[in-house]
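final27.tsv follows; it contains TSV, N, CA and C atoms.
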chain	number	residue	atom	x	y	z
A	8	MET	N	-20.02	-10.68	-29.16
A	8	MET	CA	-21.05	-10.56	-28.15
A	8	MET	C	-20.81	-9.33	-27.27
A	9	TYR	N	-19.55	-9.14	-26.85
A	9	TYR	CA	-19.21	-8.00	-26.00
A	9	TYR	C	-19.48	-6.69	-26.73
A	10	LYS	N	-19.18	-6.64	-28.03
A	10	LYS	CA	-19.40	-5.43	-28.83
A	10	LYS	C	-20.89	-5.11	-28.93
A	11	ILE	N	-21.70	-6.14	-29.06
A	11	ILE	CA	-23.15	-5.93	-29.17
A	11	ILE	C	-23.69	-5.38	-27.86
A	12	LEU	N	-23.28	-5.97	-26.74
A	12	LEU	CA	-23.73	-5.48	-25.44
A	12	LEU	C	-23.28	-4.05	-25.19
A	13	THR	N	-22.06	-3.74	-25.58
A	13	THR	CA	-21.54	-2.38	-25.42
A	13	THR	C	-22.35	-1.41	-26.28
A	14	ALA	N	-22.64	-1.79	-27.51
A	14	ALA	CA	-23.43	-0.94	-28.40
A	14	ALA	C	-24.83	-0.71	-27.84
A	15	VAL	N	-25.45	-1.74	-27.33
A	15	VAL	CA	-26.79	-1.61	-26.75
A	15	VAL	C	-26.74	-0.71	-25.52
A	16	ALA	N	-25.74	-0.89	-24.67
A	16	ALA	CA	-25.60	-0.07	-23.47
A	16	ALA	C	-25.40	1.40	-23.84
A	17	LEU	N	-24.56	1.67	-24.82
A	17	LEU	CA	-24.33	3.04	-25.26
A	17	LEU	C	-25.59	3.65	-25.88
A	18	ALA	N	-26.31	2.87	-26.64
A	18	ALA	CA	-27.55	3.36	-27.25
A	18	ALA	C	-28.56	3.73	-26.17
A	19	LEU	N	-28.69	2.89	-25.16
A	19	LEU	CA	-29.60	3.19	-24.06
A	19	LEU	C	-29.16	4.41	-23.28
A	20	ALA	N	-27.87	4.57	-23.07
A	20	ALA	CA	-27.34	5.71	-22.34
A	20	ALA	C	-27.64	7.00	-23.09
A	21	PHE	N	-27.44	7.00	-24.40
A	21	PHE	CA	-27.72	8.20	-25.18
A	21	PHE	C	-29.21	8.49	-25.26
A	22	THR	N	-30.01	7.46	-25.33
A	22	THR	CA	-31.46	7.64	-25.36
A	22	THR	C	-31.94	8.24	-24.05
A	23	ALA	N	-31.42	7.75	-22.94
A	23	ALA	CA	-31.84	8.25	-21.64
A	23	ALA	C	-31.44	9.71	-21.45
A	24	CYS	N	-30.32	10.10	-21.99
A	24	CYS	CA	-29.83	11.47	-21.82
A	24	CYS	C	-30.62	12.47	-22.65
A	25	THR	N	-31.29	12.03	-23.71
A	25	THR	CA	-31.99	12.96	-24.58
A	25	THR	C	-33.49	13.00	-24.32
A	26	ASP	N	-33.96	12.32	-23.33
A	26	ASP	CA	-35.39	12.31	-23.03
A	26	ASP	C	-35.72	13.54	-22.19
A	27	HIS	N	-36.11	14.61	-22.87
A	27	HIS	CA	-36.35	15.89	-22.19
A	27	HIS	C	-37.55	15.84	-21.25
A	28	GLN	N	-38.56	15.07	-21.60
A	28	GLN	CA	-39.72	14.96	-20.73
A	28	GLN	C	-39.34	14.29	-19.41
A	29	ALA	N	-38.53	13.27	-19.47
A	29	ALA	CA	-38.10	12.59	-18.25
A	29	ALA	C	-37.23	13.51	-17.41
A	30	GLU	N	-36.35	14.25	-18.06
A	30	GLU	CA	-35.50	15.19	-17.33
A	30	GLU	C	-36.33	16.27	-16.66
A	31	ALA	N	-37.35	16.76	-17.36
A	31	ALA	CA	-38.24	17.78	-16.79
A	31	ALA	C	-39.00	17.21	-15.60
A	32	GLU	N	-39.45	15.97	-15.71
A	32	GLU	CA	-40.18	15.32	-14.60
A	32	GLU	C	-39.26	15.11	-13.41
A	33	ILE	N	-38.03	14.71	-13.66
A	33	ILE	CA	-37.05	14.55	-12.58
A	33	ILE	C	-36.82	15.88	-11.88
A	34	ALA	N	-36.65	16.95	-12.65
A	34	ALA	CA	-36.44	18.27	-12.07
A	34	ALA	C	-37.64	18.70	-11.25
A	35	ARG	N	-38.85	18.44	-11.77
A	35	ARG	CA	-40.07	18.80	-11.04
A	35	ARG	C	-40.17	18.03	-9.72
A	36	LEU	N	-39.88	16.75	-9.78
A	36	LEU	CA	-39.95	15.93	-8.57
A	36	LEU	C	-38.88	16.33	-7.55
A	37	GLN	N	-37.71	16.70	-8.03
A	37	GLN	CA	-36.66	17.15	-7.10
A	37	GLN	C	-37.07	18.45	-6.43
A	38	ALA	N	-37.68	19.37	-7.19
A	38	ALA	CA	-38.16	20.62	-6.61
A	38	ALA	C	-39.26	20.36	-5.59
A	39	GLU	N	-40.15	19.43	-5.91
A	39	GLU	CA	-41.23	19.07	-4.97
A	39	GLU	C	-40.64	18.45	-3.70
A	40	LYS	N	-39.63	17.62	-3.87
A	40	LYS	CA	-38.97	16.99	-2.73
A	40	LYS	C	-38.35	18.05	-1.82
A	41	GLU	N	-37.67	19.01	-2.43
A	41	GLU	CA	-37.04	20.08	-1.64
A	41	GLU	C	-38.09	20.90	-0.91
A	42	SER	N	-39.19	21.18	-1.58
A	42	SER	CA	-40.29	21.92	-0.95
A	42	SER	C	-40.86	21.16	0.23
A	43	LEU	N	-41.04	19.86	0.07
A	43	LEU	CA	-41.55	19.03	1.15
A	43	LEU	C	-40.57	18.95	2.31
A	44	GLN	N	-39.26	18.93	2.01
A	44	GLN	CA	-38.26	18.90	3.07
A	44	GLN	C	-38.31	20.18	3.90
A	45	VAL	N	-38.51	21.32	3.23
A	45	VAL	CA	-38.63	22.60	3.95
A	45	VAL	C	-39.89	22.57	4.82
A	46	GLU	N	-40.97	22.07	4.27
A	46	GLU	CA	-42.22	21.98	5.03
A	46	GLU	C	-42.06	21.06	6.24
A	47	ILE	N	-41.37	19.96	6.07
A	47	ILE	CA	-41.11	19.03	7.18
A	47	ILE	C	-40.29	19.72	8.27
A	48	GLN	N	-39.27	20.46	7.87
A	48	GLN	CA	-38.43	21.16	8.84
A	48	GLN	C	-39.25	22.20	9.60
A	49	THR	N	-40.12	22.91	8.90
A	49	THR	CA	-40.98	23.91	9.54
A	49	THR	C	-41.93	23.24	10.54
A	50	LEU	N	-42.54	22.16	10.12
A	50	LEU	CA	-43.45	21.44	11.01
A	50	LEU	C	-42.72	20.85	12.21
A	51	GLN	N	-41.50	20.37	12.00
A	51	GLN	CA	-40.71	19.81	13.10
A	51	GLN	C	-40.39	20.91	14.11
A	52	SER	N	-40.07	22.09	13.61
A	52	SER	CA	-39.77	23.22	14.49
A	52	SER	C	-41.01	23.60	15.31
A	53	LYS	N	-42.17	23.64	14.65
A	53	LYS	CA	-43.41	23.95	15.36
A	53	LYS	C	-43.72	22.88	16.41
A	54	LEU	N	-43.49	21.62	16.06
A	54	LEU	CA	-43.73	20.52	16.99
A	54	LEU	C	-42.82	20.63	18.20
A	55	ASP	N	-41.54	20.93	17.95
A	55	ASP	CA	-40.60	21.09	19.06
A	55	ASP	C	-41.03	22.23	19.98
A	56	SER	N	-41.49	23.34	19.40
A	56	SER	CA	-41.96	24.47	20.20
A	56	SER	C	-43.18	24.08	21.02
A	57	ALA	N	-44.11	23.37	20.39
A	57	ALA	CA	-45.32	22.95	21.09
A	57	ALA	C	-44.98	21.99	22.24
A	58	LYS	N	-44.02	21.09	22.00
A	58	LYS	CA	-43.60	20.17	23.07
A	58	LYS	C	-42.96	20.93	24.22
A	59	ALA	N	-42.15	21.92	23.91
A	59	ALA	CA	-41.51	22.71	24.96
A	59	ALA	C	-42.56	23.47	25.76
A	60	LYS	N	-43.56	24.02	25.07
A	60	LYS	CA	-44.63	24.74	25.76
A	60	LYS	C	-45.43	23.77	26.64
A	61	ALA	N	-45.73	22.59	26.11
A	61	ALA	CA	-46.48	21.58	26.88
A	61	ALA	C	-45.68	21.16	28.12
A	62	ASP	N	-44.38	20.99	27.97
A	62	ASP	CA	-43.54	20.63	29.11
A	62	ASP	C	-43.56	21.74	30.16
A	63	SER	N	-43.54	22.99	29.70
A	63	SER	CA	-43.56	24.13	30.62
A	63	SER	C	-44.88	24.18	31.38
A	64	VAL	N	-45.98	23.97	30.66
A	64	VAL	CA	-47.30	23.97	31.30
A	64	VAL	C	-47.39	22.81	32.29
A	65	GLN	N	-46.89	21.65	31.91
A	65	GLN	CA	-46.92	20.50	32.81
A	65	GLN	C	-46.12	20.77	34.07
A	66	LYS	N	-44.96	21.41	33.92
A	66	LYS	CA	-44.14	21.75	35.09
A	66	LYS	C	-44.86	22.74	35.99
A	67	SER	N	-45.53	23.72	35.38
A	67	SER	CA	-46.30	24.69	36.17
A	67	SER	C	-47.41	24.01	36.94
A	68	LEU	N	-48.10	23.08	36.28
A	68	LEU	CA	-49.18	22.34	36.96
A	68	LEU	C	-48.61	21.49	38.10
A	69	SER	N	-47.48	20.88	37.87
A	69	SER	CA	-46.87	20.07	38.93
A	69	SER	C	-46.46	20.94	40.10
A	70	ASP	N	-45.91	22.11	39.81
A	70	ASP	CA	-45.51	23.03	40.86
A	70	ASP	C	-46.73	23.48	41.67
A	71	LEU	N	-47.86	23.73	41.01
A	71	LEU	CA	-49.07	24.12	41.71
A	71	LEU	C	-49.59	23.00	42.59
A	72	ASP	N	-49.50	21.77	42.14
A	72	ASP	CA	-49.93	20.62	42.93
A	72	ASP	C	-49.08	20.46	44.18
A	73	MET	N	-47.81	20.81	44.12
A	73	MET	CA	-46.91	20.65	45.25
A	73	MET	C	-47.23	21.66	46.36
A	74	HIS	N	-47.86	22.76	46.00
A	74	HIS	CA	-48.16	23.81	46.98
A	74	HIS	C	-49.48	23.56	47.68
A	75	ARG	N	-50.15	22.53	47.40
A	75	ARG	CA	-51.44	22.22	48.06
A	75	ARG	C	-51.24	21.55	49.36

Produce structure tokens that represent the structure in this file.
Amino acid sequence: MYKILTAVALALAFTACTDHQAEAEIARLQAEKESLQVEIQTLQSKLDSAKAKADSVQKSLSDLDMHR
């Protein structure tokens, strides 16, 4: 029984390693994931800048209100 399970496991392992279409799809998806991560970082940076600008504008408005 153990030999049969080992043989089946090895057969599946070798089959999985030779599936070029699956490997190509994995590579494509990994590249897409990396691209999306870069895009997320860029958008996060823009969001942080916009928040800093909004905070600065809010502080300026508050300062103007205090001088009334």

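Taking atom CA of A:Thr49 and atom CA of A:Glu30 as endpoints, the distance between them is 28.8 Å.
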
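Going from atom C of A:Ser69 over to atom N of A:Leu54, you cover 24.2 Å.
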
key: Distance of atom C of A:Gln44 from atom C of A:Gln28, expressed in Å to one decimal place   =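 Atom C of A:Gln44 lies at a distance of 24.1 Å from atom C of A:Gln28.
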
Mind giving me the axis-aligned box for stretch 58-62 of chain A with 3 Å on every side, centre plus edges in Å to one decimal, as lines of an AutoDock Vina configuration file?
center_x = -44.0
center_y = 22.5
center_z = 26.1
size_x = 11.0
size_y = 10.6
size_z = 14.2
